[in-house]
>>> print(open('work-v3.pdb').read())   # PDB, C-alpha atoms
ATOM      1  CA  MET A   1      -5.662  80.110  17.324  1.00  0.00           C
ATOM      2  CA  THR A   2      -8.950  79.638  19.187  1.00  0.00           C
ATOM      3  CA  LEU A   3     -10.891  81.564  16.561  1.00  0.00           C
ATOM      4  CA  ARG A   4      -9.368  79.446  13.801  1.00  0.00           C
ATOM      5  CA  ASN A   5     -10.281  76.209  15.624  1.00  0.00           C
ATOM      6  CA  GLY A   6     -13.839  77.430  16.091  1.00  0.00           C
ATOM      7  CA  ALA A   7     -14.113  78.276  12.409  1.00  0.00           C
ATOM      8  CA  VAL A   8     -12.955  74.792  11.415  1.00  0.00           C
ATOM      9  CA  GLU A   9     -15.544  73.204  13.704  1.00  0.00           C
ATOM     10  CA  ALA A  10     -18.284  75.408  12.207  1.00  0.00           C
ATOM     11  CA  TYR A  11     -17.817  73.737   8.811  1.00  0.00           C
ATOM     12  CA  ASN A  12     -19.229  70.538  10.303  1.00  0.00           C
ATOM     13  CA  VAL A  13     -22.521  72.220  11.316  1.00  0.00           C
ATOM     14  CA  VAL A  14     -25.505  71.609   9.024  1.00  0.00           C
ATOM     15  CA  MET A  15     -29.070  72.934   9.144  1.00  0.00           C
ATOM     16  CA  PHE A  16     -31.934  70.767   7.891  1.00  0.00           C
ATOM     17  CA  ARG A  17     -35.503  71.841   7.154  1.00  0.00           C
ATOM     18  CA  MET A  18     -38.079  69.119   6.754  1.00  0.00           C
ATOM     19  CA  ARG A  19     -41.668  68.064   7.372  1.00  0.00           C
ATOM     20  CA  TRP A  20     -42.786  67.649  10.981  1.00  0.00           C
ATOM     21  CA  HIS A  21     -42.128  64.262  12.602  1.00  0.00           C
ATOM     22  CA  GLU A  22     -42.987  63.985  16.304  1.00  0.00           C
ATOM     23  CA  TRP A  23     -40.467  61.191  16.913  1.00  0.00           C
ATOM     24  CA  ILE A  24     -37.392  63.229  15.852  1.00  0.00           C
ATOM     25  CA  ASP A  25     -35.447  64.778  18.740  1.00  0.00           C
ATOM     26  CA  GLU A  26     -31.897  65.346  20.007  1.00  0.00           C
ATOM     27  CA  TRP A  27     -31.438  61.578  20.505  1.00  0.00           C
ATOM     28  CA  CYS A  28     -31.694  60.913  16.760  1.00  0.00           C
ATOM     29  CA  LEU A  29     -28.973  60.767  14.116  1.00  0.00           C
ATOM     30  CA  ILE A  30     -29.235  62.025  10.536  1.00  0.00           C
ATOM     31  CA  GLN A  31     -27.400  60.535   7.586  1.00  0.00           C
ATOM     32  CA  TYR A  32     -26.859  63.080   4.810  1.00  0.00           C
ATOM     33  CA  HIS A  33     -24.662  62.559   1.738  1.00  0.00           C
ATOM     34  CA  GLY A  34     -23.245  59.429   3.360  1.00  0.00           C
ATOM     35  CA  LYS A  35     -22.139  61.213   6.562  1.00  0.00           C
ATOM     36  CA  TRP A  36     -23.695  60.820  10.020  1.00  0.00           C
ATOM     37  CA  HIS A  37     -24.703  63.885  12.060  1.00  0.00           C
ATOM     38  CA  ASN A  38     -25.697  64.368  15.731  1.00  0.00           C
ATOM     39  CA  ILE A  39     -28.724  66.614  16.212  1.00  0.00           C
ATOM     40  CA  THR A  40     -27.823  69.548  18.460  1.00  0.00           C
ATOM     41  CA  SER A  41     -31.137  71.414  18.295  1.00  0.00           C
ATOM     42  CA  CYS A  42     -34.566  70.621  16.980  1.00  0.00           C
ATOM     43  CA  ASP A  43     -37.457  73.058  16.662  1.00  0.00           C
ATOM     44  CA  GLY A  44     -40.685  72.753  14.759  1.00  0.00           C
ATOM     45  CA  SER A  45     -44.372  73.278  14.434  1.00  0.00           C
ATOM     46  CA  LYS A  46     -46.891  70.508  13.983  1.00  0.00           C
ATOM     47  CA  GLU A  47     -49.449  73.070  12.781  1.00  0.00           C
ATOM     48  CA  ARG A  48     -47.123  74.355  10.017  1.00  0.00           C
ATOM     49  CA  ASN A  49     -45.850  70.803   9.324  1.00  0.00           C
ATOM     50  CA  GLU A  50     -42.188  71.864   9.391  1.00  0.00           C
ATOM     51  CA  MET A  51     -39.032  71.353  11.438  1.00  0.00           C
ATOM     52  CA  GLN A  52     -35.657  73.044  11.584  1.00  0.00           C
ATOM     53  CA  ILE A  53     -32.765  70.909  12.815  1.00  0.00           C
ATOM     54  CA  THR A  54     -29.165  71.879  13.534  1.00  0.00           C
ATOM     55  CA  ALA A  55     -26.677  69.012  13.498  1.00  0.00           C
ATOM     56  CA  VAL A  56     -22.927  68.435  13.708  1.00  0.00           C
ATOM     57  CA  GLN A  57     -21.068  65.882  11.613  1.00  0.00           C
ATOM     58  CA  MET A  58     -19.833  63.036  13.801  1.00  0.00           C
ATOM     59  CA  PRO A  59     -16.045  62.595  13.899  1.00  0.00           C
ATOM     60  CA  ASN A  60     -16.494  58.819  14.248  1.00  0.00           C
ATOM     61  CA  GLN A  61     -18.631  57.608  11.339  1.00  0.00           C
ATOM     62  CA  LYS A  62     -18.947  54.028  12.649  1.00  0.00           C
ATOM     63  CA  VAL A  63     -22.666  53.705  13.390  1.00  0.00           C
ATOM     64  CA  THR A  64     -24.479  50.462  14.186  1.00  0.00           C
ATOM     65  CA  LEU A  65     -28.243  50.570  13.690  1.00  0.00           C
ATOM     66  CA  VAL A  66     -30.371  48.516  16.065  1.00  0.00           C
ATOM     67  CA  GLU A  67     -34.094  48.105  15.554  1.00  0.00           C
ATOM     68  CA  ASN A  68     -36.449  47.883  18.498  1.00  0.00           C
ATOM     69  CA  ASP A  69     -39.309  45.488  17.697  1.00  0.00           C
ATOM     70  CA  GLN A  70     -41.251  46.125  20.926  1.00  0.00           C
ATOM     71  CA  LYS A  71     -44.897  46.857  20.231  1.00  0.00           C
TER      72      LYS A  71
END
>>> encode(input="work-v3.pdb", output="structure tokens")
Amino acid sequence: MTLRNGAVEAYNVVMFRMRWHEWIDEWCLIQYHGKWHNITSCDGSKERNEMQITAVQMPNQKVTLVENDQK
């Protein structure tokens, strides 16, 4: 049963590859195909201008965005 539960959870894991952005880290969320994902790992290279991100789909899709206008 444990193996089956782990396999079901694995379907919610997504890997993203994108251009380098220094402000993206494990505190960020990603919206992809209308679903929100928590970043679980983030690795990249500024020199190669690329990032690889692993994320898990959030079970609760209720997200409130708040902008910080501090400059």
>>> resolve_selection(input="work-v3.pdb", expression="the PyMOL selection byres ((chain A and resi 64-66) around 12)", output="ChimeraX atom specification")
/A:28-31,36,60-63,67-69
>>> closest_residue(input="work-v3.pdb", among="A:Asn12, A:Ser41, A:Thr54, A:Asn49", to="Glu26 (chain A)", atoms="only C-alpha atoms")
A:Ser41
>>> resolve_selection(input="work-v3.pdb", expression="the PyMOL selection byres ((chain A and resi 13-25) around 12)", output="short mmCIF file (atom, residue, chain, number, x, y, z; two decimals) with C-alpha atoms, in the frame of the given file")
data_model
loop_
_atom_site.label_atom_id
_atom_site.label_comp_id
_atom_site.auth_asym_id
_atom_site.auth_seq_id
_atom_site.Cartn_x
_atom_site.Cartn_y
_atom_site.Cartn_z
CA GLY A 6 -13.84 77.43 16.09
CA ALA A 7 -14.11 78.28 12.41
CA VAL A 8 -12.96 74.79 11.42
CA GLU A 9 -15.54 73.20 13.70
CA ALA A 10 -18.28 75.41 12.21
CA TYR A 11 -17.82 73.74 8.81
CA ASN A 12 -19.23 70.54 10.30
CA GLU A 26 -31.90 65.35 20.01
CA TRP A 27 -31.44 61.58 20.50
CA CYS A 28 -31.69 60.91 16.76
CA LEU A 29 -28.97 60.77 14.12
CA ILE A 30 -29.24 62.02 10.54
CA GLN A 31 -27.40 60.54 7.59
CA TYR A 32 -26.86 63.08 4.81
CA HIS A 33 -24.66 62.56 1.74
CA LYS A 35 -22.14 61.21 6.56
CA TRP A 36 -23.70 60.82 10.02
CA HIS A 37 -24.70 63.88 12.06
CA ASN A 38 -25.70 64.37 15.73
CA ILE A 39 -28.72 66.61 16.21
CA THR A 40 -27.82 69.55 18.46
CA SER A 41 -31.14 71.41 18.30
CA CYS A 42 -34.57 70.62 16.98
CA ASP A 43 -37.46 73.06 16.66
CA GLY A 44 -40.68 72.75 14.76
CA SER A 45 -44.37 73.28 14.43
CA LYS A 46 -46.89 70.51 13.98
CA GLU A 47 -49.45 73.07 12.78
CA ARG A 48 -47.12 74.36 10.02
CA ASN A 49 -45.85 70.80 9.32
CA GLU A 50 -42.19 71.86 9.39
CA MET A 51 -39.03 71.35 11.44
CA GLN A 52 -35.66 73.04 11.58
CA ILE A 53 -32.76 70.91 12.82
CA THR A 54 -29.16 71.88 13.53
CA ALA A 55 -26.68 69.01 13.50
CA VAL A 56 -22.93 68.44 13.71
CA GLN A 57 -21.07 65.88 11.61
CA MET A 58 -19.83 63.04 13.80
CA PRO A 59 -16.05 62.60 13.90
#
>>> build_atoms(input="work-v3.pdb", residues="region 13-29 of chain A", atoms="N, CA and C atoms", output="mmCIF file, in the frame of the given file")
data_model
loop_
_atom_site.group_PDB
_atom_site.id
_atom_site.type_symbol
_atom_site.label_atom_id
_atom_site.label_comp_id
_atom_site.auth_asym_id
_atom_site.auth_seq_id
_atom_site.Cartn_x
_atom_site.Cartn_y
_atom_site.Cartn_z
ATOM 1 N N VAL A 13 -21.148 71.947 10.884
ATOM 2 C CA VAL A 13 -22.521 72.220 11.316
ATOM 3 C C VAL A 13 -23.420 72.322 10.088
ATOM 4 N N VAL A 14 -24.558 71.632 10.144
ATOM 5 C CA VAL A 14 -25.505 71.609 9.024
ATOM 6 C C VAL A 14 -26.889 71.923 9.556
ATOM 7 N N MET A 15 -27.681 72.662 8.778
ATOM 8 C CA MET A 15 -29.070 72.934 9.144
ATOM 9 C C MET A 15 -29.983 72.213 8.162
ATOM 10 N N PHE A 16 -30.960 71.498 8.699
ATOM 11 C CA PHE A 16 -31.934 70.767 7.891
ATOM 12 C C PHE A 16 -33.313 71.374 8.108
ATOM 13 N N ARG A 17 -34.089 71.474 7.058
ATOM 14 C CA ARG A 17 -35.503 71.841 7.154
ATOM 15 C C ARG A 17 -36.283 70.698 6.527
ATOM 16 N N MET A 18 -37.333 70.282 7.224
ATOM 17 C CA MET A 18 -38.079 69.119 6.754
ATOM 18 C C MET A 18 -39.504 69.160 7.278
ATOM 19 N N ARG A 19 -40.308 68.196 6.850
ATOM 20 C CA ARG A 19 -41.668 68.064 7.372
ATOM 21 C C ARG A 19 -41.625 67.642 8.839
ATOM 22 N N TRP A 20 -42.657 67.972 9.564
ATOM 23 C CA TRP A 20 -42.786 67.649 10.981
ATOM 24 C C TRP A 20 -42.859 66.142 11.205
ATOM 25 N N HIS A 21 -42.070 65.645 12.131
ATOM 26 C CA HIS A 21 -42.128 64.262 12.602
ATOM 27 C C HIS A 21 -41.990 64.307 14.111
ATOM 28 N N GLU A 22 -43.000 63.861 14.838
ATOM 29 C CA GLU A 22 -42.987 63.985 16.304
ATOM 30 C C GLU A 22 -41.922 63.124 16.965
ATOM 31 N N TRP A 23 -41.435 62.102 16.305
ATOM 32 C CA TRP A 23 -40.467 61.191 16.913
ATOM 33 C C TRP A 23 -39.028 61.654 16.750
ATOM 34 N N ILE A 24 -38.757 62.727 16.014
ATOM 35 C CA ILE A 24 -37.392 63.229 15.852
ATOM 36 C C ILE A 24 -37.057 64.180 16.993
ATOM 37 N N ASP A 25 -35.914 63.916 17.659
ATOM 38 C CA ASP A 25 -35.447 64.778 18.740
ATOM 39 C C ASP A 25 -33.921 64.729 18.811
ATOM 40 N N GLU A 26 -33.351 65.271 19.878
ATOM 41 C CA GLU A 26 -31.897 65.346 20.007
ATOM 42 C C GLU A 26 -31.229 63.988 20.189
ATOM 43 N N TRP A 27 -32.002 62.929 20.365
ATOM 44 C CA TRP A 27 -31.438 61.578 20.505
ATOM 45 C C TRP A 27 -31.270 60.891 19.156
ATOM 46 N N CYS A 28 -31.752 61.507 18.091
ATOM 47 C CA CYS A 28 -31.694 60.913 16.760
ATOM 48 C C CYS A 28 -30.398 61.280 16.034
ATOM 49 N N LEU A 29 -30.079 60.483 15.021
ATOM 50 C CA LEU A 29 -28.973 60.767 14.116
ATOM 51 C C LEU A 29 -29.551 60.998 12.720
#
